[in-house]
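A.B. asks: After the structure tokens below, expect a handful of questions from me.
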Amino acid sequence: MTREEALDRVSRPELSEEFLQKEFEYVANKLDLTKEELQQIFEGENKTYKDYKNKMGIIKFGAQTMQKLGLEKRLFR
């Protein structure tokens with residue numbers, strides 16, 4: 001496959017719009033939601049781990065302390 005053929009294939013939808021709508025409806029039914037409720041979830045605000053309670057601050061503090069003591073050499077981001 002050439003680069004141009006790959007770009008052409010990627011630019012076109014892989015599945016038809018009708019099939020995608022049927023699949024969306026199938027998933028909504030499996031989750032016991034209406035199609036509109038599932039659409040609201042899709043269009044809702046994206047969340048990350050920062051939006052939920054976690055212990056990342058404690059982990060970073062411990063890692064920095066261990067690095068300063070020379071006991072930890074990994075880099076935490």
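Ligands are numbered from 1 in the order shown, chains are lettered A, B, ... in the order of the structure tokens, and residues start at 1 in each chain.
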Which parts of chain A does DSSP call helix (DSSP H, G or I) when run on the backbone here, written out as a ChimeraX atom specification?
C.D. replies: /A:3-11,17-30,35-43,49-51,56-68
A.B. asks: So which one's closest to Glu37 of chain A, A:Asn54, A:Glu25, A:Glu17, A:Leu71? Using only C-alpha atoms, please.
C.D. replies: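 Comparing A:Asn54, A:Glu25, A:Glu17, A:Leu71 against Glu37 of chain A, the winner is A:Glu25.
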A.B. asks: So that I can see what lies close to Ala28 of chain A, please list as a list in words the residues with an atom at most 8 Å from it, counting only C-alpha atoms and leaving out residues fewer than 6 positions away in the same chain.
C.D. replies: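 Skipping anything fewer than 6 positions along the chain leaves Thr34, Lys35 and Leu38 of chain A.
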A.B. asks: Go ahead and compute the interatomic distance for atom CA of Glu45 of chain A and atom CA of Val27 of chain A, in Å to one decimal.
C.D. replies: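 Taking atom CA of Glu45 of chain A and atom CA of Val27 of chain A, their separation equals 19.8 Å.
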